[in-house]
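S.K.: Enclosed is the structure file work-v3.cif (mmCIF, C-alpha atoms).
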data_input
loop_
_atom_site.label_atom_id
_atom_site.label_comp_id
_atom_site.auth_asym_id
_atom_site.auth_seq_id
_atom_site.Cartn_x
_atom_site.Cartn_y
_atom_site.Cartn_z
CA MET L 1 63.01 13.80 14.67
CA SER L 2 65.28 11.66 16.82
CA MET L 3 64.46 8.07 17.64
CA SER L 4 63.61 9.02 21.20
CA GLU L 5 61.28 11.83 20.06
CA GLU L 6 59.51 9.52 17.57
CA THR L 7 59.03 6.94 20.29
CA LYS L 8 57.47 9.56 22.55
CA ALA L 9 55.10 10.70 19.73
CA ARG L 10 53.70 7.23 19.21
CA PRO L 11 50.75 6.27 21.42
CA PRO L 12 51.40 3.42 23.81
CA ALA L 13 50.68 0.02 22.30
CA LYS L 14 47.77 -0.54 24.70
CA TRP L 15 45.96 2.54 23.29
CA ARG L 16 46.30 1.58 19.63
CA PRO L 17 43.16 -0.69 19.54
CA LEU L 18 41.14 2.14 21.12
CA ARG L 19 42.34 4.48 18.40
CA TRP L 20 40.98 2.14 15.71
CA VAL L 21 37.67 1.83 17.56
CA LEU L 22 37.33 5.62 17.67
CA ARG L 23 38.10 5.86 13.98
CA GLY L 24 35.41 3.26 13.27
CA LEU L 25 32.85 5.16 15.34
CA ALA L 26 33.70 8.36 13.51
CA ALA L 27 33.04 6.60 10.20
CA LEU L 28 29.64 5.39 11.46
CA VAL L 29 28.39 8.85 12.46
CA PRO L 30 27.61 9.98 8.86
CA LEU L 31 25.75 6.70 8.27
CA GLY L 32 23.71 7.26 11.41
CA LEU L 33 22.85 10.79 10.33
CA LEU L 34 21.79 9.48 6.91
CA ALA L 35 19.54 6.88 8.53
CA LEU L 36 17.92 9.55 10.69
CA LEU L 37 17.33 11.71 7.62
CA ILE L 38 15.66 8.84 5.78
CA TYR L 39 13.50 8.08 8.83
CA GLY L 40 12.48 11.73 9.04
CA VAL L 41 11.38 11.79 5.42
CA MET L 42 9.38 8.58 5.88
CA ALA L 43 7.77 9.92 9.04
CA GLN L 44 6.64 13.05 7.22
CA ASN L 45 5.17 10.97 4.38
CA PRO L 46 3.94 7.77 6.05
CA ASN L 47 1.25 7.06 3.44
CA MET L 48 3.91 6.50 0.79
CA THR L 49 3.45 2.73 1.12
CA ILE L 50 -0.31 2.87 0.38
CA ASP L 51 -0.03 5.34 -2.48
CA ASP L 52 3.02 3.65 -3.98
CA SER L 53 1.15 0.36 -3.96
CA LEU L 54 -1.86 1.92 -5.69
CA GLY L 55 0.51 3.56 -8.16
CA ARG L 56 1.71 0.07 -9.12
CA ASP L 57 -1.93 -1.08 -9.51
CA GLN L 58 -1.59 -3.29 -6.45
CA PRO L 59 -4.11 -3.32 -3.56
CA ILE L 60 -2.78 -3.20 -0.01
CA ALA L 61 -4.27 -4.45 3.25
CA ALA L 62 -6.21 -1.77 5.14
CA PRO L 63 -4.74 -1.16 8.62
CA ALA L 64 -6.92 -2.66 11.35
CA PHE L 65 -8.74 -0.66 14.01
CA ARG L 66 -11.46 -0.94 16.62
CA LEU L 67 -13.27 2.28 17.54
CA ALA L 68 -16.32 3.50 19.42
CA VAL L 69 -19.51 3.80 17.38
CA LEU L 70 -20.55 7.42 17.05
CA GLN L 71 -23.67 6.72 14.97
CA GLY L 72 -25.17 3.47 13.74
CA GLY L 73 -26.74 5.11 10.71
CA SER L 74 -29.41 3.98 8.29
CA LEU L 75 -28.01 0.99 6.43
CA GLY L 76 -30.71 0.28 3.88
CA SER L 77 -31.99 -3.10 2.72
CA ALA L 78 -28.73 -4.22 1.08
CA LEU L 79 -26.56 -3.73 4.15
CA ALA L 80 -28.90 -3.95 7.14
CA PRO L 81 -29.21 -7.78 7.33
CA LYS L 82 -25.49 -8.33 7.95
CA LEU L 83 -24.40 -5.06 9.60
CA THR L 84 -27.23 -3.91 11.87
CA SER L 85 -25.99 -6.03 14.77
CA VAL L 86 -22.40 -4.85 14.20
CA PHE L 87 -23.25 -1.17 14.57
CA ALA L 88 -25.60 -1.83 17.47
CA ARG L 89 -22.50 -2.48 19.61
CA LYS L 90 -20.44 0.11 21.44
CA THR L 91 -17.37 -0.52 19.30
CA VAL L 92 -16.74 -1.84 15.83
CA ALA L 93 -13.61 -3.32 14.24
CA LEU L 94 -12.78 -3.02 10.58
CA SER L 95 -12.36 -6.80 10.46
CA GLU L 96 -16.06 -7.17 11.37
CA LEU L 97 -16.93 -5.48 8.07
CA ARG L 98 -15.02 -8.03 5.97
CA GLY L 99 -17.14 -9.11 3.03
CA THR L 100 -18.53 -5.60 2.58
CA PRO L 101 -16.86 -2.92 0.42
CA VAL L 102 -16.18 0.19 2.54
CA VAL L 103 -15.66 3.88 1.78
CA LEU L 104 -13.73 5.15 4.81
CA ASN L 105 -13.78 8.92 5.24
CA PHE L 106 -11.57 10.68 7.83
CA TRP L 107 -13.14 13.93 9.04
CA ALA L 108 -13.56 16.36 11.95
CA SER L 109 -16.24 18.90 12.78
CA TRP L 110 -13.71 21.77 12.96
CA CYS L 111 -12.44 21.02 9.45
CA VAL L 112 -13.85 23.52 6.92
CA PRO L 113 -13.21 21.30 3.85
CA CYS L 114 -15.05 18.50 5.69
CA GLN L 115 -18.02 20.80 6.09
CA GLU L 116 -17.93 21.60 2.37
CA GLU L 117 -17.61 17.91 1.48
CA ALA L 118 -20.42 16.63 3.73
CA ALA L 119 -23.29 17.07 1.28
CA THR L 120 -21.34 15.38 -1.53
CA LEU L 121 -20.59 12.37 0.65
CA GLU L 122 -24.18 12.02 1.83
CA ARG L 123 -25.52 12.29 -1.72
CA SER L 124 -23.08 9.65 -3.00
CA TRP L 125 -24.02 7.36 -0.11
CA ARG L 126 -27.74 7.62 -0.76
CA GLN L 127 -27.69 7.62 -4.56
CA GLN L 128 -24.77 5.34 -5.45
CA ALA L 129 -23.35 3.26 -2.62
CA ARG L 130 -26.04 2.06 -0.22
CA SER L 131 -28.22 0.24 -2.77
CA ARG L 132 -25.10 -1.51 -4.19
CA GLY L 133 -24.08 -2.83 -0.78
CA VAL L 134 -21.11 -0.47 -0.42
CA LEU L 135 -20.82 0.90 3.11
CA PHE L 136 -19.88 4.50 3.85
CA LEU L 137 -18.06 4.76 7.18
CA GLY L 138 -17.11 8.12 8.63
CA LEU L 139 -14.17 8.25 11.03
CA ASP L 140 -14.35 11.35 13.22
CA MET L 141 -10.96 12.21 14.70
CA GLN L 142 -9.36 14.72 17.07
CA ASP L 143 -12.82 16.02 17.90
CA VAL L 144 -15.24 16.71 20.73
CA THR L 145 -18.08 14.18 20.79
CA THR L 146 -20.82 16.80 21.14
CA ASP L 147 -19.37 18.77 18.22
CA ALA L 148 -19.24 15.62 16.11
CA HIS L 149 -22.90 14.83 16.86
CA ALA L 150 -23.87 18.41 16.02
CA PHE L 151 -22.02 18.12 12.69
CA ILE L 152 -23.85 14.89 11.84
CA ARG L 153 -27.25 16.44 12.65
CA HIS L 154 -26.52 19.68 10.79
CA TYR L 155 -25.53 17.93 7.55
CA ALA L 156 -28.14 15.16 7.90
CA ILE L 157 -25.53 12.41 7.66
CA ASP L 158 -27.16 9.01 8.02
CA TYR L 159 -24.33 6.59 7.25
CA PRO L 160 -22.46 4.97 10.16
CA ASN L 161 -19.64 6.80 11.92
CA VAL L 162 -16.98 5.83 14.42
CA ARG L 163 -14.79 8.03 16.59
CA ASP L 164 -11.07 8.24 17.35
CA PRO L 165 -10.36 10.99 19.92
CA SER L 166 -6.71 10.99 18.83
CA ASN L 167 -5.08 10.64 15.42
CA ASP L 168 -3.73 7.13 16.05
CA VAL L 169 -5.75 5.41 13.31
CA ALA L 170 -5.08 8.25 10.87
CA ARG L 171 -1.36 7.79 11.36
CA THR L 172 -1.56 4.09 10.47
CA TYR L 173 -3.23 5.10 7.20
CA GLY L 174 -0.71 7.88 6.56
CA VAL L 175 -3.39 10.57 6.69
CA THR L 176 -1.79 14.01 6.37
CA GLY L 177 -4.92 16.14 6.79
CA VAL L 178 -8.70 16.00 6.76
CA PRO L 179 -10.67 15.01 4.83
CA GLU L 180 -9.12 11.92 3.26
CA THR L 181 -11.05 8.96 1.88
CA PHE L 182 -10.00 5.35 1.34
CA PHE L 183 -11.82 2.77 -0.78
CA ILE L 184 -11.62 -0.74 0.68
CA ASP L 185 -12.86 -3.82 -1.15
CA ALA L 186 -14.71 -6.78 0.36
CA ARG L 187 -11.39 -8.55 1.09
CA GLY L 188 -10.21 -5.67 3.27
CA GLN L 189 -7.78 -4.31 0.65
CA ILE L 190 -7.35 -0.59 -0.10
CA VAL L 191 -8.00 -0.05 -3.81
CA GLY L 192 -8.25 3.75 -3.97
CA HIS L 193 -7.54 6.94 -2.04
CA ILE L 194 -8.64 10.58 -2.22
CA ILE L 195 -6.34 13.16 -0.63
CA GLY L 196 -8.43 16.19 0.28
CA GLU L 197 -12.04 17.14 -0.38
CA SER L 198 -13.68 14.64 -2.72
CA THR L 199 -15.82 15.26 -5.79
CA SER L 200 -18.86 13.27 -6.90
CA GLN L 201 -16.90 11.82 -9.83
CA GLN L 202 -14.01 10.69 -7.64
CA LEU L 203 -16.42 9.05 -5.21
CA ALA L 204 -18.25 7.32 -8.06
CA GLU L 205 -15.00 5.86 -9.39
CA GLY L 206 -13.91 4.79 -5.91
CA ILE L 207 -17.27 3.18 -5.10
CA SER L 208 -17.14 1.17 -8.33
CA ALA L 209 -13.54 0.13 -7.61
CA ALA L 210 -14.37 -1.03 -4.07
CA HIS L 211 -17.43 -2.89 -5.31
CA ALA L 212 -15.49 -4.63 -8.09
CA GLY L 213 -12.34 -5.22 -6.05
CA ARG L 214 -10.05 -3.50 -8.53
CA VAL L 215 -7.46 -0.79 -8.00
CA VAL L 216 -8.40 2.65 -9.21
CA ARG L 217 -5.67 5.13 -8.10
CA THR L 218 -4.82 7.94 -5.73
CA PHE L 219 -6.89 11.04 -6.50
CA GLU L 220 -5.74 14.56 -5.78
CA GLY L 221 -8.83 16.07 -4.18
CA GLY L 222 -9.55 19.58 -3.00
CA SER L 223 -8.44 21.42 0.11
CA GLN L 224 -7.62 19.87 3.51
CA GLY L 225 -7.57 20.96 7.11
CA ALA L 226 -4.29 20.43 8.97
CA LEU L 227 -4.23 17.80 11.71
CA ARG L 228 -4.18 19.10 15.27
#
What is this structure when it is put down as structure tokens?
M.R.:
Amino acid sequence: MSMSEETKARPPAKWRPLRWVLRGLAALVPLGLLALLIYGVMAQNPNMTIDDSLGRDQPIAAPAFRLAVLQGGSLGSALAPKLTSVFARKTVALSELRGTPVVLNFWASWCVPCQEEAATLERSWRQQARSRGVLFLGLDMQDVTTDAHAFIRHYAIDYPNVRDPSNDVARTYGVTGVPETFFIDARGQIVGHIIGESTSQQLAEGISAAHAGRVVRTFEGGSQGALR
């Protein structure tokens, strides 16, 4: 190539900085794609933080919420003195239950595994939790209010329930389906988790863990209904 041809092949000096900028952007594209991939994996498994913490035997703060009261329930002598006025209101916040261990159950009336789990939850509430001062709190989600009330009447559920018409609270807990149950100690720390339909034994272990303020683990429960 002659000197004149080589000179013509070179980009003008004023374009050379732009060329390096473009090369730098091209190098950043794979990094951006990798970041999006990692975000996508985290978004599909948002409860990894809670379950990883439990896997390390470390409690983790329960995400806050304030929701409408669906049913005040029958609290019993151990819980009524400090919680009757709380559930007499239109809404309740998780922070207002601080000082009381909580078994938080996410459910929906259209969820078949929730229907199959209902009797087990009610039995554990009446026979194990209520007299020990451990509160059962149902969180009805993505549901019609009248259907939720019909579900509560049909299965004779008498522990308190709140309602989230969306799945906003479930997402903060990393819930991937219903039912799921979280055990929260008196300090407001999650110490256990059941993914799917719970058993009496799993509930008994979780109730004891919440009451004692010690980490139990993440249980693999039974079947789940997909979120809507």
S.K.: Identify, on the basis of all atoms listed in the file, every residue whose closest approach to L:Gly213 does not exceed 8 Å; exclude the query and any residue fewer than 5 positions from it along the same chain; express the result as a list in words.
M.R.: Asp185, Ala186, Arg187 and Val191 of chain L
S.K.: Take atom CA of L:Ala209 and atom CA of L:Ser95 and report the distance between them in Å, one decimal.
M.R.: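 So the two atoms, atom CA of L:Ala209 and atom CA of L:Ser95, lie 19.4 Å apart.
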S.K.: L:Pro113: which residues within 7 Å, counting all atoms listed in the file, same-chain residues fewer than 3 positions away excluded, as JSON, numbers by chain?
M.R.: {"L": [116, 117, 179, 197, 223, 224, 225]}
S.K.: Can you tell me, as an MDAnalysis selection string, what residues are no more than 12 Å from L:Ala212 when counting all atoms listed in the file, ignoring any on the same chain fewer than 5 positions away?
M.R.: chainID L and resid 100:102 132:134 183:187 189 191:192 205:207
S.K.: Could you tell me which of L:Met141, L:Cys114, L:Leu227, L:Leu79 comes closest to L:Leu67 if we count only C-alpha atoms?
M.R.: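 Using only C-alpha atoms, L:Leu67 sits closest to L:Met141.
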S.K.: For the PyMOL selection byres ((chain L and resi 124) around 12), applied here, can you spell out every residue it catches as a VMD selection string?
M.R.: chain L and resid 103 117 to 123 125 to 132 134 to 136 157 to 159 198 to 208
S.K.: When the PyMOL selection byres ((chain L and resi 166) around 8) is applied to the structure above, which residues does it catch, written out as a ChimeraX atom specification?
M.R.: /L:141-143,164-165,167-169
S.K.: Those same residues - C-alpha atoms - I'd like them written as a PDB file, in the coordinates of the input.
M.R.:
ATOM      1  CA  MET L 141     -10.960  12.210  14.700  1.00  0.00           C
ATOM      2  CA  GLN L 142      -9.360  14.720  17.070  1.00  0.00           C
ATOM      3  CA  ASP L 143     -12.820  16.020  17.900  1.00  0.00           C
ATOM      4  CA  ASP L 164     -11.070   8.240  17.350  1.00  0.00           C
ATOM      5  CA  PRO L 165     -10.360  10.990  19.920  1.00  0.00           C
ATOM      6  CA  ASN L 167      -5.080  10.640  15.420  1.00  0.00           C
ATOM      7  CA  ASP L 168      -3.730   7.130  16.050  1.00  0.00           C
ATOM      8  CA  VAL L 169      -5.750   5.410  13.310  1.00  0.00           C
TER       9      VAL L 169
END
S.K.: Between atom CA of L:Val112 and atom CA of L:Val69, what is the spacing in Å?
M.R.: 23.0 Å
S.K.: List, as a list of chain:residue names, every residue that the PyMOL selection byres ((chain L and resi 58) around 12) selects in the file provided.
M.R.: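 When the PyMOL selection byres ((chain L and resi 58) around 12) is applied, the selected residues are L:Thr49, L:Ile50, L:Asp51, L:Asp52, L:Ser53, L:Leu54, L:Gly55, L:Arg56, L:Asp57, L:Pro59, L:Ile60, L:Ala61, L:Gln189, L:Ile190, L:Val191, L:Gly192, L:Gly213, L:Arg214, L:Val215, L:Val216, L:Arg217, L:Thr218.
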S.K.: Just the number, please: distance in Å from atom CA of L:Gly138 to atom CA of L:Ala88, one decimal.
M.R.: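 Computed distance, atom CA of L:Gly138 to atom CA of L:Ala88, equals 15.8 Å.
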S.K.: Which residue out of L:Pro81, L:Gly196, L:Gly76, L:Pro160 has the minimum interatomic distance to L:Leu137 when only C-alpha atoms are used?
M.R.: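 Smallest distance to L:Leu137 is found for L:Pro160.
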S.K.: Between L:Phe151, L:Gln115, L:Leu104, L:Asn161, single out the one closest to L:Thr91, counting only C-alpha atoms.
M.R.: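 Under the stated criterion, the closest residue is L:Asn161.
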S.K.: Give me the residues within 9 Å of L:Pro63 as a list in words, counting only C-alpha atoms and dropping any in the same chain fewer than 5 places off.
M.R.: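 These residues fall inside the cut-off: Leu94, Val169, Thr172, Tyr173 and Gly188 of chain L.
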S.K.: Those selected residues, please, written with C-alpha atoms and delivered as a PDB file, in the coordinates of the input.
M.R.:
ATOM      1  CA  LEU L  94     -12.780  -3.020  10.580  1.00  0.00           C
ATOM      2  CA  VAL L 169      -5.750   5.410  13.310  1.00  0.00           C
ATOM      3  CA  THR L 172      -1.560   4.090  10.470  1.00  0.00           C
ATOM      4  CA  TYR L 173      -3.230   5.100   7.200  1.00  0.00           C
ATOM      5  CA  GLY L 188     -10.210  -5.670   3.270  1.00  0.00           C
TER       6      GLY L 188
END
S.K.: Given all atoms listed in the file as the basis, pick out the residue of L:Arg163, L:Arg98, L:Leu83, L:Ile152 nearest to L:Arg66.
M.R.: L:Arg163
S.K.: Since fewer atoms than expected are present, regenerate all heavy atoms for stretch 77-88 of chain L and write them as a short mmCIF file (atom, residue, chain, number, x, y, z; two decimals), in the frame of the given file.
M.R.:
data_model
loop_
_atom_site.label_atom_id
_atom_site.label_comp_id
_atom_site.auth_asym_id
_atom_site.auth_seq_id
_atom_site.Cartn_x
_atom_site.Cartn_y
_atom_site.Cartn_z
N SER L 77 -31.65 -1.68 2.82
CA SER L 77 -31.99 -3.10 2.72
C SER L 77 -30.82 -3.97 2.30
O SER L 77 -30.76 -5.15 2.64
CB SER L 77 -33.15 -3.29 1.72
OG SER L 77 -32.79 -2.77 0.45
N ALA L 78 -29.85 -3.42 1.56
CA ALA L 78 -28.73 -4.22 1.08
C ALA L 78 -27.70 -4.50 2.17
O ALA L 78 -27.02 -5.52 2.14
CB ALA L 78 -28.06 -3.54 -0.12
N LEU L 79 -27.59 -3.61 3.13
CA LEU L 79 -26.56 -3.73 4.15
C LEU L 79 -27.09 -4.11 5.54
O LEU L 79 -26.37 -4.69 6.35
CB LEU L 79 -25.78 -2.41 4.27
CG LEU L 79 -24.91 -2.04 3.07
CD1 LEU L 79 -24.45 -0.59 3.18
CD2 LEU L 79 -23.72 -2.97 2.97
N ALA L 80 -28.35 -3.75 5.80
CA ALA L 80 -28.90 -3.95 7.14
C ALA L 80 -28.84 -5.39 7.64
O ALA L 80 -28.48 -5.64 8.80
CB ALA L 80 -30.34 -3.43 7.20
N PRO L 81 -29.18 -6.40 6.80
CA PRO L 81 -29.21 -7.78 7.33
C PRO L 81 -27.89 -8.24 7.96
O PRO L 81 -27.90 -8.96 8.96
CB PRO L 81 -29.56 -8.61 6.09
CG PRO L 81 -30.31 -7.68 5.21
CD PRO L 81 -29.65 -6.34 5.41
N LYS L 82 -26.75 -7.84 7.41
CA LYS L 82 -25.49 -8.33 7.95
C LYS L 82 -24.75 -7.34 8.83
O LYS L 82 -23.82 -7.73 9.54
CB LYS L 82 -24.57 -8.77 6.81
CG LYS L 82 -24.25 -7.71 5.77
CD LYS L 82 -23.33 -8.29 4.71
CE LYS L 82 -23.07 -7.29 3.59
NZ LYS L 82 -22.16 -7.87 2.56
N LEU L 83 -25.17 -6.06 8.85
CA LEU L 83 -24.40 -5.06 9.60
C LEU L 83 -25.16 -4.39 10.74
O LEU L 83 -24.55 -3.68 11.55
CB LEU L 83 -23.86 -3.99 8.65
CG LEU L 83 -22.82 -4.45 7.62
CD1 LEU L 83 -22.35 -3.26 6.78
CD2 LEU L 83 -21.64 -5.13 8.29
N THR L 84 -26.47 -4.56 10.82
CA THR L 84 -27.23 -3.91 11.87
C THR L 84 -26.71 -4.30 13.25
O THR L 84 -26.51 -3.45 14.13
CB THR L 84 -28.73 -4.25 11.77
OG1 THR L 84 -29.24 -3.74 10.53
CG2 THR L 84 -29.51 -3.63 12.92
N SER L 85 -26.47 -5.58 13.46
CA SER L 85 -25.99 -6.03 14.77
C SER L 85 -24.57 -5.54 15.05
O SER L 85 -24.21 -5.30 16.21
CB SER L 85 -26.03 -7.56 14.84
OG SER L 85 -25.18 -8.14 13.85
N VAL L 86 -23.77 -5.35 14.01
CA VAL L 86 -22.40 -4.85 14.20
C VAL L 86 -22.41 -3.44 14.75
O VAL L 86 -21.72 -3.11 15.72
CB VAL L 86 -21.62 -4.91 12.86
CG1 VAL L 86 -20.25 -4.24 13.02
CG2 VAL L 86 -21.45 -6.35 12.40
N PHE L 87 -23.22 -2.57 14.15
CA PHE L 87 -23.25 -1.17 14.57
C PHE L 87 -24.16 -0.92 15.77
O PHE L 87 -24.23 0.22 16.26
CB PHE L 87 -23.63 -0.28 13.38
CG PHE L 87 -22.53 -0.13 12.39
CD1 PHE L 87 -22.54 -0.83 11.20
CD2 PHE L 87 -21.44 0.69 12.66
CE1 PHE L 87 -21.50 -0.71 10.29
CE2 PHE L 87 -20.39 0.83 11.76
CZ PHE L 87 -20.42 0.12 10.57
N ALA L 88 -24.83 -1.96 16.24
CA ALA L 88 -25.60 -1.83 17.47
C ALA L 88 -24.68 -1.93 18.70
O ALA L 88 -25.11 -1.62 19.82
CB ALA L 88 -26.68 -2.91 17.54
#
